[in-house]
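A.B. asks: Here it is, the structure, as structure tokens.
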Amino acid sequence: MVPTPAAGQLAAERPMRADAQRNLERLLLAAREVLRESGADASLEEIARRAGVGIGTLYRRFPTRLSLLEAVYREDVDALGDRAELLIEGEEPWPALEKWVWALLDYVATKRALFQELVDAVGRDSELLTHSRQAVNDAAGAVLRNAQAAGVARTDVEPSDLLRLVGGCTMMGELDPAQQERVVSIVLGGIRAA
């Protein structure tokens with residue numbers, strides 16, 4: 001199966017009219033919203049309606065449900081990697097790590113149902129999911145190493161430790177915001193250098 005390119009890749013392949021680019025961006029944004037709310041039950045018709053386009057426009061850009069899901073997933077994981085780079089460049093090392101952890105939590109929360117649907121459709125070892133694992137691992141490693149080099153994160157913590165700890169915070173089901181804040185602060189406190 002050939003992976004569906006994300007919005008940026010689609011635009012790079014051939015020049016896109018401004019209105020077509022706006023439609024694509026609105027479709028991906030609407031898809032994220034509907035997927036977050038409805039998970040695997042997300043309706044393509046609802047996505048098109050929220051994007052303000054007809055269902056034909058959605059199908060011209062994404063001929064299958066899977067192609068839309070792949071595009072959203074790829075674009076979001078790449079954005080998570082980009083976020084790590086921006087935080088490293090623009091923030092002090094500890095706030096960069098904290099902000100990236102919160103971005104990862106948000107990413108995982110919105111991708112839980114989508115991930116399972118993709119695994120079922122393309123398999124865990126597909127190019128898309130292999131790329132996604134690598135991108136998340138690379139981003140985690142970058143923000144963690146940056147904090148470790150500055151002496152603000154424990155040097156015995158590995159990127160995989162960070163990902164497991166944060167992943168564990170997402171496996172507890174729905175937490176109220178105050179409890180989630182406490183749990184994440186406990187995790188971050190355990191990573192911070194004394």
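In the structure tokens, the first chain shown is A, the next is B, and so on; residue numbers restart at 1 for each chain, and ligands run from 1 in the order shown.
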Quick one: everything within 9 Å of Ser160 (chain A), counting only C-alpha atoms, minus sequence neighbours fewer than 3 positions away in the same chain. Send it as a short mmCIF file (atom, residue, chain, number, x, y, z; two decimals) with C-alpha atoms, in the first residue's frame.

C.D. replies:
```
data_model
loop_
_atom_site.label_atom_id
_atom_site.label_comp_id
_atom_site.auth_asym_id
_atom_site.auth_seq_id
_atom_site.Cartn_x
_atom_site.Cartn_y
_atom_site.Cartn_z
CA ASN A 137 11.60 8.55 19.12
CA ALA A 140 11.85 12.56 22.36
CA GLY A 141 15.58 11.97 22.11
CA VAL A 157 16.88 8.57 31.55
CA LEU A 163 8.03 7.75 26.06
CA ARG A 164 6.92 4.90 28.32
CA LEU A 165 6.30 7.24 31.24
#
```

A.B. asks: Would you give me, as CSV, each residue of region 54-170 of chain A having an atom within 10 Å of an atom of region 18-31 of chain A, along with its shortest atom pair and that distance in Å to one decimal, using only C-alpha atoms and sorting by chain and residue number?

C.D. replies:
```
residue,atom,partner,partner_atom,distance
A:Thr57,CA,A:Asn23,CA,8.1
A:Leu58,CA,A:Leu27,CA,7.1
A:Arg61,CA,A:Leu24,CA,7.5
A:Phe62,CA,A:Leu24,CA,9.6
A:Leu68,CA,A:Leu28,CA,7.8
A:Leu69,CA,A:Ala31,CA,8.1
A:Ala71,CA,A:Leu28,CA,7.8
A:Val72,CA,A:Leu28,CA,6.1
A:Tyr73,CA,A:Leu28,CA,9.8
A:Glu75,CA,A:Leu28,CA,8.9
A:Asp76,CA,A:Leu28,CA,9.9
```

A.B. asks: I need the residues from that last selection saved to file as a short mmCIF file (atom, residue, chain, number, x, y, z; two decimals), in the first residue's frame (with all heavy atoms), if you can.

C.D. replies:
```cif
data_model
loop_
_atom_site.label_atom_id
_atom_site.label_comp_id
_atom_site.auth_asym_id
_atom_site.auth_seq_id
_atom_site.Cartn_x
_atom_site.Cartn_y
_atom_site.Cartn_z
N THR A 57 -15.41 16.71 -3.05
CA THR A 57 -14.11 17.35 -2.85
C THR A 57 -13.24 16.49 -1.94
O THR A 57 -12.05 16.29 -2.19
CB THR A 57 -14.28 18.76 -2.26
OG1 THR A 57 -15.03 19.54 -3.19
CG2 THR A 57 -12.95 19.43 -1.98
N LEU A 58 -13.84 15.97 -0.88
CA LEU A 58 -13.10 15.09 0.03
C LEU A 58 -12.59 13.87 -0.73
O LEU A 58 -11.41 13.52 -0.63
CB LEU A 58 -13.97 14.66 1.21
CG LEU A 58 -13.28 13.81 2.27
CD1 LEU A 58 -13.86 14.11 3.65
CD2 LEU A 58 -13.39 12.33 1.99
N ARG A 61 -9.64 14.39 -3.16
CA ARG A 61 -8.34 14.53 -2.50
C ARG A 61 -7.95 13.23 -1.79
O ARG A 61 -6.79 12.85 -1.78
CB ARG A 61 -8.42 15.70 -1.49
CG ARG A 61 -7.17 16.01 -0.78
CD ARG A 61 -5.97 16.27 -1.66
NE ARG A 61 -6.17 17.39 -2.54
CZ ARG A 61 -5.35 17.68 -3.54
NH1 ARG A 61 -4.28 16.95 -3.76
NH2 ARG A 61 -5.57 18.70 -4.31
N PHE A 62 -8.93 12.57 -1.19
CA PHE A 62 -8.68 11.34 -0.43
C PHE A 62 -9.68 10.29 -0.91
O PHE A 62 -10.81 10.24 -0.43
CB PHE A 62 -8.86 11.60 1.07
CG PHE A 62 -7.95 12.68 1.59
CD1 PHE A 62 -8.44 13.94 1.87
CD2 PHE A 62 -6.60 12.43 1.78
CE1 PHE A 62 -7.60 14.95 2.33
CE2 PHE A 62 -5.75 13.43 2.23
CZ PHE A 62 -6.26 14.69 2.51
N LEU A 68 -7.27 9.34 3.95
CA LEU A 68 -7.44 10.52 4.79
C LEU A 68 -6.82 10.29 6.17
O LEU A 68 -6.10 11.15 6.69
CB LEU A 68 -8.93 10.86 4.93
CG LEU A 68 -9.28 12.02 5.87
CD1 LEU A 68 -8.62 13.31 5.43
CD2 LEU A 68 -10.79 12.18 5.97
N LEU A 69 -7.08 9.14 6.75
CA LEU A 69 -6.51 8.84 8.07
C LEU A 69 -4.99 8.85 8.03
O LEU A 69 -4.34 9.39 8.94
CB LEU A 69 -7.01 7.48 8.57
CG LEU A 69 -8.51 7.32 8.77
CD1 LEU A 69 -8.84 5.92 9.26
CD2 LEU A 69 -9.06 8.38 9.70
N ALA A 71 -3.07 10.53 5.97
CA ALA A 71 -2.60 11.90 5.80
C ALA A 71 -2.62 12.66 7.13
O ALA A 71 -1.67 13.36 7.47
CB ALA A 71 -3.43 12.63 4.76
N VAL A 72 -3.71 12.52 7.88
CA VAL A 72 -3.81 13.19 9.18
C VAL A 72 -2.72 12.66 10.12
O VAL A 72 -2.02 13.43 10.78
CB VAL A 72 -5.21 12.98 9.80
CG1 VAL A 72 -5.25 13.44 11.25
CG2 VAL A 72 -6.26 13.73 8.98
N TYR A 73 -2.57 11.36 10.17
CA TYR A 73 -1.60 10.75 11.09
C TYR A 73 -0.19 11.19 10.75
O TYR A 73 0.57 11.60 11.63
CB TYR A 73 -1.72 9.22 11.00
CG TYR A 73 -1.15 8.51 12.20
CD1 TYR A 73 -1.92 8.33 13.34
CD2 TYR A 73 0.14 8.02 12.19
CE1 TYR A 73 -1.41 7.67 14.44
CE2 TYR A 73 0.67 7.36 13.29
CZ TYR A 73 -0.11 7.19 14.42
OH TYR A 73 0.41 6.55 15.51
N GLU A 75 0.85 13.83 9.00
CA GLU A 75 1.06 15.27 9.20
C GLU A 75 1.21 15.58 10.70
O GLU A 75 2.06 16.40 11.09
CB GLU A 75 -0.09 16.06 8.59
CG GLU A 75 0.17 17.55 8.61
CD GLU A 75 -0.83 18.32 7.79
OE1 GLU A 75 -1.90 18.66 8.31
OE2 GLU A 75 -0.51 18.56 6.61
N ASP A 76 0.41 14.93 11.53
CA ASP A 76 0.47 15.21 12.96
C ASP A 76 1.76 14.71 13.60
O ASP A 76 2.33 15.38 14.46
CB ASP A 76 -0.75 14.63 13.67
CG ASP A 76 -2.01 15.43 13.38
OD1 ASP A 76 -1.93 16.47 12.70
OD2 ASP A 76 -3.08 14.99 13.82
#
```

A.B. asks: Restricting the calculation to only C-alpha atoms: of A:Leu144, A:Val34, A:Leu66, A:Val166, which residue gets closest to Val122 (chain A)?

C.D. replies: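 The answer is A:Leu66, which sits nearest to Val122 (chain A).
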
A.B. asks: Nearest to Phe115 (chain A): which of A:Leu97, A:Val143, A:Ala40, A:Pro159 is it, counting only C-alpha atoms?

C.D. replies: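 Nearest candidate to Phe115 (chain A) out of A:Leu97, A:Val143, A:Ala40, A:Pro159: A:Ala40.
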
A.B. asks: Report, in Å with one decimal, the straight-line distance from CA of Gln180 (chain A) to CA of His131 (chain A).

C.D. replies: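 Computed distance, CA of Gln180 (chain A) to CA of His131 (chain A), equals 28.5 Å.
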
A.B. asks: Using only C-alpha atoms for the distances, tell me which of A:Cys169, A:Ala135, A:Leu162, A:Val53 is nearest to Val184 (chain A).

C.D. replies: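 Among A:Cys169, A:Ala135, A:Leu162, A:Val53, it is A:Cys169 that comes nearest to Val184 (chain A).
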
A.B. asks: Can you tell me, as a PyMOL selection string, which residues in region 5-194 of chain A count as alpha helix (DSSP H) by DSSP?

C.D. replies: chain A and resi 7-13+18-38+44-51+55-61+65-90+93-122+127-149+159-170+177-191

A.B. asks: Limited to C-alpha atoms, could you put the picked residues into a file as a short mmCIF file (atom, residue, chain, number, x, y, z; two decimals), in the first residue's frame?

C.D. replies:
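So the final result, stored in again_37.cif, reads:
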```
data_model
loop_
_atom_site.label_atom_id
_atom_site.label_comp_id
_atom_site.auth_asym_id
_atom_site.auth_seq_id
_atom_site.Cartn_x
_atom_site.Cartn_y
_atom_site.Cartn_z
CA ALA A 7 -0.84 18.30 3.03
CA GLY A 8 2.65 19.72 2.66
CA GLN A 9 3.79 16.82 0.51
CA LEU A 10 0.69 17.02 -1.68
CA ALA A 11 1.34 20.70 -2.31
CA ALA A 12 4.99 20.01 -3.18
CA GLU A 13 4.10 17.39 -5.81
CA ALA A 18 -5.01 28.58 -3.51
CA ASP A 19 -8.62 27.46 -3.05
CA ALA A 20 -7.63 23.80 -3.41
CA GLN A 21 -4.89 24.27 -0.79
CA ARG A 22 -7.38 25.92 1.58
CA ASN A 23 -9.82 23.04 1.04
CA LEU A 24 -7.10 20.51 1.78
CA GLU A 25 -6.09 22.31 4.98
CA ARG A 26 -9.72 22.60 6.08
CA LEU A 27 -10.30 18.90 5.38
CA LEU A 28 -7.31 17.87 7.49
CA LEU A 29 -8.32 20.22 10.31
CA ALA A 30 -11.92 19.00 10.26
CA ALA A 31 -10.73 15.39 10.15
CA ARG A 32 -8.64 15.97 13.30
CA GLU A 33 -11.62 17.48 15.11
CA VAL A 34 -14.06 14.76 14.12
CA LEU A 35 -11.55 11.98 14.83
CA ARG A 36 -10.87 13.45 18.27
CA GLU A 37 -14.58 13.57 19.06
CA SER A 38 -15.77 10.35 17.41
CA LEU A 44 -16.46 11.26 6.24
CA GLU A 45 -19.66 13.18 5.56
CA GLU A 46 -19.25 15.02 8.89
CA ILE A 47 -15.63 15.80 8.06
CA ALA A 48 -16.63 17.27 4.68
CA ARG A 49 -19.48 19.25 6.28
CA ARG A 50 -17.19 20.75 8.94
CA ALA A 51 -14.58 21.58 6.33
CA ILE A 55 -18.15 15.02 -0.13
CA GLY A 56 -16.90 14.93 -3.74
CA THR A 57 -14.11 17.35 -2.85
CA LEU A 58 -13.10 15.09 0.03
CA TYR A 59 -13.06 12.01 -2.22
CA ARG A 60 -11.10 13.78 -4.98
CA ARG A 61 -8.34 14.53 -2.50
CA ARG A 65 -11.10 6.71 4.32
CA LEU A 66 -7.70 5.14 4.91
CA SER A 67 -5.96 7.70 2.70
CA LEU A 68 -7.44 10.52 4.79
CA LEU A 69 -6.51 8.84 8.07
CA GLU A 70 -2.96 8.26 6.86
CA ALA A 71 -2.60 11.90 5.80
CA VAL A 72 -3.81 13.19 9.18
CA TYR A 73 -1.60 10.75 11.09
CA ARG A 74 1.53 11.51 9.06
CA GLU A 75 1.06 15.27 9.20
CA ASP A 76 0.47 15.21 12.96
CA VAL A 77 3.49 13.05 13.77
CA ASP A 78 5.68 15.25 11.59
CA ALA A 79 4.30 18.32 13.37
CA LEU A 80 5.25 16.74 16.70
CA GLY A 81 8.83 16.40 15.44
CA ASP A 82 8.81 19.97 14.16
CA ARG A 83 7.49 21.13 17.54
CA ALA A 84 10.49 19.52 19.27
CA GLU A 85 12.89 21.40 16.98
CA LEU A 86 11.12 24.72 17.53
CA LEU A 87 11.08 24.26 21.29
CA ILE A 88 14.78 23.38 21.39
CA GLU A 89 15.60 26.47 19.35
CA GLY A 90 13.26 28.88 21.14
CA PRO A 93 15.94 23.25 27.87
CA TRP A 94 13.60 22.37 30.75
CA PRO A 95 10.56 24.33 29.50
CA ALA A 96 11.22 22.85 26.04
CA LEU A 97 11.04 19.34 27.49
CA GLU A 98 7.92 20.12 29.52
CA LYS A 99 6.10 21.71 26.58
CA TRP A 100 7.02 18.83 24.30
CA VAL A 101 5.72 16.30 26.84
CA TRP A 102 2.39 18.14 26.87
CA ALA A 103 2.37 18.21 23.05
CA LEU A 104 3.03 14.45 23.05
CA LEU A 105 0.18 13.87 25.50
CA ASP A 106 -2.19 15.83 23.27
CA TYR A 107 -0.97 13.94 20.21
CA VAL A 108 -1.46 10.54 21.87
CA ALA A 109 -4.90 11.48 23.17
CA THR A 110 -6.10 12.38 19.69
CA LYS A 111 -4.50 9.40 17.98
CA ARG A 112 -5.56 6.49 20.19
CA ALA A 113 -8.56 5.34 18.10
CA LEU A 114 -6.94 6.36 14.83
CA PHE A 115 -3.84 4.29 15.63
CA GLN A 116 -5.80 1.09 16.10
CA GLU A 117 -7.71 1.63 12.86
CA LEU A 118 -4.43 2.16 10.99
CA VAL A 119 -2.81 -0.90 12.58
CA ASP A 120 -5.80 -2.99 11.52
CA ALA A 121 -5.63 -1.61 7.96
CA VAL A 122 -1.90 -1.42 7.22
CA GLU A 127 5.96 2.44 6.31
CA LEU A 128 3.59 4.96 7.91
CA LEU A 129 3.77 3.49 11.41
CA THR A 130 7.49 2.78 11.16
CA HIS A 131 8.03 6.41 10.14
CA SER A 132 5.80 7.58 13.01
CA ARG A 133 7.67 5.54 15.64
CA GLN A 134 10.99 6.87 14.38
CA ALA A 135 9.78 10.48 14.29
CA VAL A 136 8.44 10.30 17.87
CA ASN A 137 11.60 8.55 19.12
CA ASP A 138 13.81 11.13 17.41
CA ALA A 139 11.84 14.04 18.85
CA ALA A 140 11.85 12.56 22.36
CA GLY A 141 15.58 11.97 22.11
CA ALA A 142 16.25 15.50 20.92
CA VAL A 143 14.35 17.29 23.69
CA LEU A 144 15.65 14.92 26.36
CA ARG A 145 19.31 15.14 25.24
CA ASN A 146 18.97 18.92 25.09
CA ALA A 147 17.76 18.99 28.71
CA GLN A 148 20.42 16.49 29.79
CA ALA A 149 23.20 18.53 28.16
CA PRO A 159 14.22 8.51 25.35
CA SER A 160 12.35 5.19 25.55
CA ASP A 161 11.90 5.76 29.32
CA LEU A 162 10.40 9.19 28.65
CA LEU A 163 8.03 7.75 26.06
CA ARG A 164 6.92 4.90 28.32
CA LEU A 165 6.30 7.24 31.24
CA VAL A 166 4.29 9.67 29.15
CA GLY A 167 2.54 6.80 27.38
CA GLY A 168 1.54 5.42 30.77
CA CYS A 169 -0.15 8.73 31.53
CA THR A 170 -2.36 8.22 28.49
CA PRO A 177 -7.48 18.15 34.03
CA ALA A 178 -6.31 18.68 37.62
CA GLN A 179 -5.39 15.02 38.05
CA GLN A 180 -3.65 14.91 34.68
CA GLU A 181 -1.62 17.98 35.67
CA ARG A 182 -0.57 16.26 38.93
CA VAL A 183 0.35 12.97 37.25
CA VAL A 184 2.41 14.65 34.53
CA SER A 185 4.16 16.87 37.09
CA ILE A 186 5.10 13.72 39.05
CA VAL A 187 6.53 12.15 35.88
CA LEU A 188 8.45 15.32 35.01
CA GLY A 189 9.68 15.60 38.61
CA GLY A 190 11.15 12.12 38.30
CA ILE A 191 13.02 13.08 35.14
#
```

A.B. asks: Write out as number ranges by chain the residues lying within 9 Å of Ala193 (chain A), counting only C-alpha atoms and excluding same-chain residues fewer than 4 positions away.

C.D. replies: A: 148, 151-155, 189

A.B. asks: Those same residues - C-alpha atoms - I'd like them written as a JSON list (two decimals), in the first residue's frame.

C.D. replies:
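Resulting contents of again20.json:
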```
[["chain", "number", "residue", "atom", "x", "y", "z"],
["A", 148, "GLN", "CA", 20.42, 16.49, 29.79],
["A", 151, "GLY", "CA", 22.08, 19.59, 33.35],
["A", 152, "VAL", "CA", 18.35, 19.91, 34.00],
["A", 153, "ALA", "CA", 17.32, 16.31, 33.23],
["A", 154, "ARG", "CA", 18.70, 13.12, 34.72],
["A", 155, "THR", "CA", 21.37, 11.58, 32.54],
["A", 189, "GLY", "CA", 9.68, 15.60, 38.61]]
```
